[in-house]
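Listing of work22.txt, compact mmCIF, C-alpha atoms and all ligand atoms
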# COMPACT_ATOMS: atom_id res chain seq x y z
CA MET L 1 11.83 -10.67 -22.91
CA SER L 2 9.76 -10.25 -19.81
CA VAL L 3 9.43 -6.84 -18.25
CA VAL L 4 9.81 -6.71 -14.49
CA ILE L 5 6.84 -5.16 -12.75
CA GLN L 6 8.04 -3.51 -9.58
CA LYS L 7 6.03 -3.69 -6.39
CA VAL L 8 5.40 -0.19 -5.12
CA SER L 9 2.90 1.66 -2.94
CA VAL L 10 2.30 5.34 -3.30
CA HIS L 11 -0.19 5.47 -0.41
CA GLY L 12 -0.07 3.29 2.69
CA GLY L 13 1.89 2.40 5.78
CA HIS L 14 -0.66 3.58 8.32
CA SER L 15 0.33 1.92 11.59
CA GLY L 16 -1.23 1.32 14.97
CA GLN L 17 1.70 3.19 16.47
CA PHE L 18 0.50 6.48 14.97
CA CYS L 19 -3.10 5.88 13.85
CA HIS L 20 -5.88 4.71 16.14
CA HIS L 21 -7.76 2.75 13.45
CA ALA L 22 -4.64 0.93 12.16
CA LYS L 23 -2.56 -1.94 13.63
CA ASP L 24 1.06 -2.83 14.40
CA SER L 25 4.22 -0.75 14.75
CA LEU L 26 5.54 1.24 11.83
CA ASP L 27 8.75 -0.80 11.99
CA ALA L 28 6.75 -4.06 11.61
CA VAL L 29 4.79 -2.60 8.70
CA ILE L 30 7.97 -1.57 6.89
CA GLN L 31 9.56 -4.97 7.53
CA ALA L 32 6.47 -6.54 5.94
CA TYR L 33 7.00 -4.40 2.83
CA ILE L 34 10.62 -5.51 2.67
CA ALA L 35 9.63 -9.18 3.09
CA ALA L 36 7.03 -8.79 0.32
CA GLY L 37 9.71 -7.47 -2.04
CA PHE L 38 8.54 -3.90 -2.50
CA ALA L 39 10.97 -1.64 -4.39
CA TRP L 40 9.67 1.62 -2.96
CA ILE L 41 6.88 2.79 -0.68
CA GLY L 42 5.40 6.06 0.46
CA ILE L 43 4.50 6.01 4.14
CA THR L 44 1.54 8.36 4.25
CA GLU L 45 0.15 8.54 7.78
CA HIS L 46 -3.02 10.60 8.31
CA MET L 47 -2.46 14.20 9.32
CA PRO L 48 -3.87 15.13 12.75
CA PRO L 49 -7.23 16.92 13.08
CA LEU L 50 -7.38 20.68 13.26
CA ASP L 51 -9.35 20.56 16.51
CA ASP L 52 -11.29 18.17 18.74
CA ALA L 53 -14.47 18.57 16.66
CA MET L 54 -12.74 17.10 13.60
CA ARG L 55 -11.39 13.95 15.26
CA TYR L 56 -12.46 10.57 13.88
CA PRO L 57 -15.21 9.05 16.07
CA ASP L 58 -12.89 6.30 17.39
CA GLU L 59 -10.45 8.95 18.59
CA ALA L 60 -13.18 10.98 20.26
CA GLU L 61 -14.70 7.89 21.92
CA ASN L 62 -11.32 7.03 23.39
CA GLY L 63 -10.74 10.56 24.67
CA ILE L 64 -7.71 11.19 22.47
CA THR L 65 -7.40 14.96 22.10
CA SER L 66 -6.46 16.76 18.91
CA LEU L 67 -3.42 18.08 20.77
CA THR L 68 -2.27 14.53 21.53
CA LEU L 69 -2.77 13.59 17.89
CA GLN L 70 -0.81 16.63 16.74
CA THR L 71 2.11 15.73 19.01
CA GLN L 72 1.93 12.08 17.93
CA PHE L 73 2.11 13.22 14.30
CA LEU L 74 5.48 14.89 14.93
CA SER L 75 6.74 11.66 16.54
CA TYR L 76 5.55 9.82 13.44
CA PHE L 77 7.79 11.98 11.31
CA SER L 78 10.92 11.43 13.37
CA GLU L 79 10.28 7.68 13.59
CA CYS L 80 9.61 7.37 9.87
CA ARG L 81 12.77 9.33 9.02
CA ASN L 82 14.75 6.99 11.31
CA LEU L 83 13.33 3.91 9.64
CA GLN L 84 13.87 5.44 6.20
CA GLN L 85 17.60 5.57 7.01
CA ARG L 86 17.76 2.27 8.85
CA TYR L 87 16.29 0.33 5.92
CA ALA L 88 17.83 2.41 3.12
CA GLY L 89 19.81 -0.60 1.83
CA GLN L 90 16.67 -2.73 1.54
CA ILE L 91 13.85 -0.48 0.41
CA LYS L 92 13.32 3.08 -0.78
CA ILE L 93 10.99 4.80 1.68
CA PHE L 94 9.32 8.18 1.29
CA THR L 95 8.14 9.93 4.43
CA ALA L 96 4.86 11.54 3.56
CA PHE L 97 1.40 12.20 4.91
CA GLU L 98 -2.22 12.05 3.83
CA THR L 99 -4.25 15.24 4.12
CA GLU L 100 -7.73 16.00 5.25
CA THR L 101 -9.94 18.45 3.39
CA TYR L 102 -12.50 20.59 5.22
CA PRO L 103 -13.10 24.29 5.75
CA GLY L 104 -10.35 26.10 7.66
CA ILE L 105 -7.72 23.37 7.32
CA SER L 106 -5.49 24.92 4.68
CA PRO L 107 -3.32 27.13 6.97
CA PHE L 108 -2.88 24.14 9.30
CA ILE L 109 -1.64 21.97 6.41
CA GLN L 110 0.77 24.72 5.37
CA GLN L 111 2.06 24.85 8.94
CA LEU L 112 2.54 21.06 9.03
CA LEU L 113 4.37 21.18 5.70
CA ARG L 114 6.83 23.76 7.06
CA GLN L 115 7.21 21.85 10.32
CA THR L 116 7.68 18.34 8.94
CA LYS L 117 9.09 18.87 5.43
CA PRO L 118 7.57 15.67 3.99
CA ASP L 119 8.86 14.07 0.81
CA TYR L 120 5.37 14.47 -0.64
CA ILE L 121 1.71 14.46 0.35
CA VAL L 122 -1.38 12.51 -0.63
CA GLY L 123 -4.32 14.84 -1.11
CA SER L 124 -7.48 13.17 0.20
CA VAL L 125 -11.04 14.15 1.07
CA HIS L 126 -12.69 12.17 3.88
CA HIS L 127 -15.26 14.78 4.98
CA VAL L 128 -18.29 16.34 3.35
CA ALA L 129 -20.51 18.83 5.18
CA GLY L 130 -18.37 18.31 8.28
CA ILE L 131 -19.07 14.55 8.40
CA GLY L 132 -16.55 11.72 7.91
CA ILE L 133 -18.03 9.90 4.92
CA ASP L 134 -15.88 6.76 5.06
CA VAL L 135 -16.36 5.95 8.74
CA ASN L 136 -19.61 3.95 8.53
CA ALA L 137 -22.87 3.74 6.59
CA GLU L 138 -24.83 5.67 9.21
CA LEU L 139 -22.54 8.72 9.07
CA TYR L 140 -22.62 8.47 5.28
CA ARG L 141 -26.43 8.58 5.41
CA GLN L 142 -26.27 11.66 7.65
CA ALA L 143 -23.95 13.34 5.16
CA VAL L 144 -26.43 12.57 2.35
CA LEU L 145 -29.21 14.20 4.38
CA ARG L 146 -27.12 17.22 5.26
CA CYS L 147 -26.21 17.76 1.60
CA GLY L 148 -29.83 17.34 0.49
CA GLY L 149 -29.36 14.13 -1.50
CA LEU L 150 -26.89 11.60 -2.83
CA GLU L 151 -26.14 13.47 -6.05
CA GLN L 152 -25.38 16.64 -4.09
CA LEU L 153 -23.12 14.67 -1.73
CA TYR L 154 -21.05 13.55 -4.71
CA CYS L 155 -21.02 17.07 -6.16
CA ASP L 156 -19.90 18.60 -2.86
CA TYR L 157 -17.20 15.94 -2.51
CA PHE L 158 -15.78 16.58 -5.97
CA ASP L 159 -15.98 20.37 -5.47
CA ALA L 160 -14.04 20.02 -2.22
CA GLN L 161 -11.53 17.84 -4.04
CA LEU L 162 -11.02 20.45 -6.76
CA GLY L 163 -10.43 23.13 -4.11
CA MET L 164 -7.85 20.84 -2.48
CA LEU L 165 -6.13 20.15 -5.82
CA ASN L 166 -5.84 23.86 -6.56
CA ASP L 167 -4.73 24.70 -3.05
CA LEU L 168 -2.15 21.94 -2.45
CA GLU L 169 -1.23 20.43 -5.82
CA PRO L 170 -0.48 17.18 -3.93
CA ALA L 171 1.95 14.81 -5.67
CA VAL L 172 -0.61 12.03 -5.23
CA VAL L 173 -4.41 12.19 -5.24
CA GLY L 174 -5.80 9.66 -2.74
CA HIS L 175 -8.73 7.31 -3.51
CA PHE L 176 -10.26 9.66 -6.10
CA ASP L 177 -13.87 8.47 -5.82
CA LEU L 178 -14.00 7.48 -2.14
CA ILE L 179 -17.40 9.19 -2.03
CA ARG L 180 -19.01 6.06 -3.49
CA ILE L 181 -17.95 3.94 -0.49
CA PHE L 182 -21.45 3.27 0.90
CA ASP L 183 -23.42 3.73 -2.34
CA SER L 184 -24.31 0.32 -3.80
CA ASN L 185 -25.48 1.98 -7.02
CA PHE L 186 -22.36 4.03 -7.49
CA LEU L 187 -22.00 3.24 -11.19
CA GLN L 188 -25.33 4.90 -11.85
CA THR L 189 -24.67 7.82 -9.49
CA LEU L 190 -21.32 8.50 -11.17
CA GLN L 191 -23.12 8.68 -14.52
CA ARG L 192 -25.42 11.50 -13.50
CA PRO L 193 -24.43 14.52 -15.58
CA ALA L 194 -23.79 16.84 -12.61
CA VAL L 195 -21.50 14.20 -11.07
CA TRP L 196 -19.72 12.99 -14.19
CA SER L 197 -18.94 16.54 -15.35
CA ARG L 198 -17.19 17.10 -12.02
CA VAL L 199 -15.29 13.82 -12.33
CA GLU L 200 -14.04 14.86 -15.76
CA ARG L 201 -13.24 18.38 -14.59
CA ASN L 202 -11.15 17.09 -11.66
CA LEU L 203 -9.37 14.50 -13.80
CA GLU L 204 -8.47 17.19 -16.32
CA ARG L 205 -7.06 19.30 -13.49
CA ILE L 206 -5.03 16.32 -12.25
CA ALA L 207 -3.73 15.76 -15.80
CA GLY L 208 -2.92 19.46 -16.14
CA LEU L 209 -0.95 19.47 -12.89
CA ASP L 210 0.71 16.13 -13.77
CA LEU L 211 -0.26 14.54 -10.45
CA ILE L 212 -0.35 10.81 -9.70
CA LEU L 213 -3.67 9.08 -9.21
CA ASP L 214 -3.59 6.60 -6.32
CA PHE L 215 -4.71 3.22 -7.70
CA ASN L 216 -6.15 2.38 -4.32
CA LEU L 217 -6.20 -1.38 -3.69
CA ARG L 218 -8.14 -1.07 -0.44
CA GLY L 219 -11.24 -0.36 -2.52
CA PHE L 220 -11.37 -4.07 -3.42
CA ASP L 221 -12.03 -4.85 0.25
CA LYS L 222 -14.37 -1.95 0.90
CA THR L 223 -16.43 -1.81 -2.30
CA GLN L 224 -15.44 -4.82 -4.46
CA GLU L 225 -13.64 -2.43 -6.77
CA GLN L 226 -10.48 -0.38 -6.58
CA TYR L 227 -10.55 3.41 -6.36
CA PRO L 228 -10.99 4.90 -8.87
CA SER L 229 -13.77 2.69 -10.21
CA MET L 230 -13.63 1.40 -13.76
CA PRO L 231 -15.31 4.27 -15.70
CA VAL L 232 -13.15 6.85 -13.89
CA LEU L 233 -10.02 4.76 -14.36
CA LYS L 234 -10.62 4.46 -18.10
CA LYS L 235 -11.14 8.21 -18.40
CA ALA L 236 -7.95 8.84 -16.41
CA LEU L 237 -5.96 6.53 -18.69
CA GLU L 238 -7.43 8.30 -21.72
CA LEU L 239 -6.17 11.61 -20.30
CA GLY L 240 -2.70 10.14 -19.80
CA ILE L 241 -2.77 10.50 -16.02
CA ALA L 242 -0.06 8.59 -14.15
CA ILE L 243 -1.67 5.78 -12.19
CA VAL L 244 0.32 4.09 -9.43
CA PRO L 245 -0.77 1.41 -6.93
CA GLY L 246 -1.37 2.31 -3.31
CA ASP L 247 -2.29 -0.52 -0.95
CA ASP L 248 -3.50 1.95 1.70
CA SER L 249 -2.22 -0.55 4.26
CA HIS L 250 -3.39 -0.12 7.85
CA GLY L 251 -1.16 -2.78 9.43
CA VAL L 252 1.01 -5.76 8.50
CA SER L 253 -1.92 -7.88 7.24
CA SER L 254 -2.89 -5.34 4.57
CA VAL L 255 0.62 -4.75 3.21
CA GLY L 256 0.49 -5.55 -0.50
CA ARG L 257 -3.07 -6.83 -0.28
CA ASN L 258 -4.81 -7.15 -3.69
CA TYR L 259 -1.57 -6.21 -5.45
CA GLU L 260 -1.58 -8.94 -8.12
CA ARG L 261 -5.28 -8.43 -8.75
CA GLY L 262 -4.81 -4.69 -9.20
CA VAL L 263 -1.79 -4.98 -11.47
CA ALA L 264 -3.54 -7.59 -13.64
CA LEU L 265 -6.46 -5.22 -14.08
CA LEU L 266 -4.20 -2.32 -15.06
CA ALA L 267 -2.23 -4.50 -17.49
CA GLU L 268 -5.48 -5.60 -19.10
CA LEU L 269 -6.36 -1.95 -19.67
CA GLY L 270 -3.05 -1.43 -21.45
CA HIS L 271 -1.13 0.24 -18.61
CA SER L 272 2.64 -0.29 -18.94
CA CYS L 273 2.92 -1.01 -15.17
CA GLN L 274 6.09 1.06 -15.15
CA TRP L 275 5.33 3.25 -12.17
CA GLN L 276 5.98 6.97 -12.05
CA LEU L 277 7.65 8.25 -8.90
CA PRO L 278 5.87 11.01 -6.99
CA ARG L 279 7.23 14.49 -7.46
CA LEU L 280 9.14 15.28 -4.28
CA TYR L 281 9.21 18.58 -2.44
CA ARG L 282 12.53 20.37 -2.40
CA TRP L 283 12.81 21.97 1.00
CA PRO L 284 15.51 24.51 1.77
CA ASP L 285 17.99 23.17 4.35
ZN ZN L 301 -6.85 5.36 7.82
ZN ZN L 302 -7.69 8.00 3.03
Rewrite the coordinates I just gave you, this time as structure tokens.
Ligand SMILES: [Zn+2]
Ligand SMILES: [Zn+2]
Amino acid sequence: MSVVIQKVSVHGGHSGQFCHHAKDSLDAVIQAYIAAGFAWIGITEHMPPLDDAMRYPDEAENGITSLTLQTQFLSYFSECRNLQQRYAGQIKIFTAFETETYPGISPFIQQLLRQTKPDYIVGSVHHVAGIGIDVNAELYRQAVLRCGGLEQLYCDYFDAQLGMLNDLEPAVVGHFDLIRIFDSNFLQTLQRPAVWSRVERNLERIAGLDLILDFNLRGFDKTQEQYPSMPVLKKALELGIAIVPGDDSHGVSSVGRNYERGVALLAELGHSCQWQLPRLYRWPD
């Protein structure tokens, strides 16, 4: 008897309609998921920046204000809710968002939660020492300098992640070890005792809170390996953490990308490939 492996994505659906570094309309992205045979997807657009200083460089260069991005984020929610209903017979859609993590953002996230009532959130860290670490190698290098070294950059990243986990208890933890994105020796850096102890500490917290770890397929394109990387993934499986694929799509062309490759890898590691659903918020009416 063969077991059916469902196609799902717990993190993805960024679209050019609502995200400056993505492509295509949200409707087109969702239609691509339907065409690819996905059973359920979480649409997890980026939250807007707290202020102009925290915009992504491409937004700043194009003169898009934080206020514009905040307004656009509310439009994202109404559009995604519409599409959720329109396609209800064809695919199960969750309307969610992906967080940022940097000092001062917590009250803003709480405000957005009350305002938008998402189905769930993906808790992500893209900034260390006030610098976007996944934007390009040069900014990554600046973040290393500001932290006083590569090991400290990793430590600060994982400390920020722990703070976020405690603060938000997000249903899904996004690209757990994104911090290795521009480090070609990441396997060695992860092994350093100060770093690995933080990895284990955060994974134990994730296990304790019963959160889902985003098995982020975009890592294959960015770093030749999924997030989390193999040693972290094995530790997470050992701790019994729920691991669910997220294609982190940023347009039609990245819908479902690397899916078969990712699932084969998980199956090889003994994962059942029966995906846990994210724990949904229950908002009062
Ligand atoms: Zn993005
Ligand atoms: Zn992200």
| Counting only C-alpha atoms and all ligand atoms, what residues are within 7 Å of ligand ZN 301 (chain L), given as a list in words? |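 Counting only C-alpha atoms and all ligand atoms, the residues within 7 Å of ligand ZN 301 (chain L) come out as His14, His21, Ala22, His46 and His250 of chain L.
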May I have the selected residues written with C-alpha atoms, as a CSV table (one decimal), in the coordinates of the input?
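The result, stored in again-v6.csv:
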chain,number,residue,atom,x,y,z
L,14,HIS,CA,-0.7,3.6,8.3
L,21,HIS,CA,-7.8,2.8,13.4
L,22,ALA,CA,-4.6,0.9,12.2
L,46,HIS,CA,-3.0,10.6,8.3
L,250,HIS,CA,-3.4,-0.1,7.8
Quick one: contact table of chain L to ligand ZN 302 (chain L), 10 Å max, nearest atom pair and distance in Å to one decimal per residue, counting only C-alpha atoms and all ligand atoms, chain and number order, as CSV?
residue,atom,partner,partner_atom,distance
L:His11,CA,L:ZN302,ZN,8.6
L:Gly12,CA,L:ZN302,ZN,9.0
L:His14,CA,L:ZN302,ZN,9.8
L:Thr44,CA,L:ZN302,ZN,9.3
L:Glu45,CA,L:ZN302,ZN,9.2
L:His46,CA,L:ZN302,ZN,7.5
L:Glu98,CA,L:ZN302,ZN,6.9
L:Thr99,CA,L:ZN302,ZN,8.1
L:Glu100,CA,L:ZN302,ZN,8.3
L:Val122,CA,L:ZN302,ZN,8.6
L:Gly123,CA,L:ZN302,ZN,8.7
L:Ser124,CA,L:ZN302,ZN,5.9
L:Val125,CA,L:ZN302,ZN,7.3
L:His126,CA,L:ZN302,ZN,6.6
L:Asp134,CA,L:ZN302,ZN,8.5
L:Val173,CA,L:ZN302,ZN,9.8
L:Gly174,CA,L:ZN302,ZN,6.3
L:His175,CA,L:ZN302,ZN,6.7
L:Phe176,CA,L:ZN302,ZN,9.6
L:Leu178,CA,L:ZN302,ZN,8.2
L:Asn216,CA,L:ZN302,ZN,9.4
L:Arg218,CA,L:ZN302,ZN,9.7
L:Asp248,CA,L:ZN302,ZN,7.5
Residues as selected, C-alpha atoms, written as a JSON list (two decimals), in the frame of the given file, can you do that?
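Here's the written file again.json:
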[["chain", "number", "residue", "atom", "x", "y", "z"],
["L", 11, "HIS", "CA", -0.19, 5.47, -0.41],
["L", 12, "GLY", "CA", -0.07, 3.29, 2.69],
["L", 14, "HIS", "CA", -0.66, 3.58, 8.32],
["L", 44, "THR", "CA", 1.54, 8.36, 4.25],
["L", 45, "GLU", "CA", 0.15, 8.54, 7.78],
["L", 46, "HIS", "CA", -3.02, 10.60, 8.31],
["L", 98, "GLU", "CA", -2.22, 12.05, 3.83],
["L", 99, "THR", "CA", -4.25, 15.24, 4.12],
["L", 100, "GLU", "CA", -7.73, 16.00, 5.25],
["L", 122, "VAL", "CA", -1.38, 12.51, -0.63],
["L", 123, "GLY", "CA", -4.32, 14.84, -1.11],
["L", 124, "SER", "CA", -7.48, 13.17, 0.20],
["L", 125, "VAL", "CA", -11.04, 14.15, 1.07],
["L", 126, "HIS", "CA", -12.69, 12.17, 3.88],
["L", 134, "ASP", "CA", -15.88, 6.76, 5.06],
["L", 173, "VAL", "CA", -4.41, 12.19, -5.24],
["L", 174, "GLY", "CA", -5.80, 9.66, -2.74],
["L", 175, "HIS", "CA", -8.73, 7.31, -3.51],
["L", 176, "PHE", "CA", -10.26, 9.66, -6.10],
["L", 178, "LEU", "CA", -14.00, 7.48, -2.14],
["L", 216, "ASN", "CA", -6.15, 2.38, -4.32],
["L", 218, "ARG", "CA", -8.14, -1.07, -0.44],
["L", 248, "ASP", "CA", -3.50, 1.95, 1.70]]
| query | Between L:Val29, L:Ile93, L:Leu139, L:Leu211, which one has atoms that come closest to Gly240 of chain L, using all atoms listed in the file? | reply | L:Leu211
Shell around Gly256 of chain L at 10 Å using all atoms listed in the file, local window under 3 positions removed, as a PDB file with C-alpha atoms, in the frame of the given file:
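Listed below is the output, selection_10.pdb:
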ATOM      1  CA  LYS L   7       6.030  -3.690  -6.390  1.00  0.00           C
ATOM      2  CA  VAL L   8       5.400  -0.190  -5.120  1.00  0.00           C
ATOM      3  CA  SER L   9       2.900   1.660  -2.940  1.00  0.00           C
ATOM      4  CA  GLY L  12      -0.070   3.290   2.690  1.00  0.00           C
ATOM      5  CA  ALA L  32       6.470  -6.540   5.940  1.00  0.00           C
ATOM      6  CA  TYR L  33       7.000  -4.400   2.830  1.00  0.00           C
ATOM      7  CA  ALA L  36       7.030  -8.790   0.320  1.00  0.00           C
ATOM      8  CA  GLY L  37       9.710  -7.470  -2.040  1.00  0.00           C
ATOM      9  CA  PHE L  38       8.540  -3.900  -2.500  1.00  0.00           C
ATOM     10  CA  LEU L 217      -6.200  -1.380  -3.690  1.00  0.00           C
ATOM     11  CA  ARG L 218      -8.140  -1.070  -0.440  1.00  0.00           C
ATOM     12  CA  PRO L 245      -0.770   1.410  -6.930  1.00  0.00           C
ATOM     13  CA  GLY L 246      -1.370   2.310  -3.310  1.00  0.00           C
ATOM     14  CA  ASP L 247      -2.290  -0.520  -0.950  1.00  0.00           C
ATOM     15  CA  ASP L 248      -3.500   1.950   1.700  1.00  0.00           C
ATOM     16  CA  SER L 249      -2.220  -0.550   4.260  1.00  0.00           C
ATOM     17  CA  VAL L 252       1.010  -5.760   8.500  1.00  0.00           C
ATOM     18  CA  SER L 253      -1.920  -7.880   7.240  1.00  0.00           C
ATOM     19  CA  TYR L 259      -1.570  -6.210  -5.450  1.00  0.00           C
ATOM     20  CA  GLU L 260      -1.580  -8.940  -8.120  1.00  0.00           C
TER      21      GLU L 260
END
| request: Within 9 Å of Arg180 of chain L, counting only C-alpha atoms, which residues show up once you throw out same-chain ones fewer than 4 positions away? Write them as number ranges by chain, please. | output: L: 154, 184-187, 189-190, 223
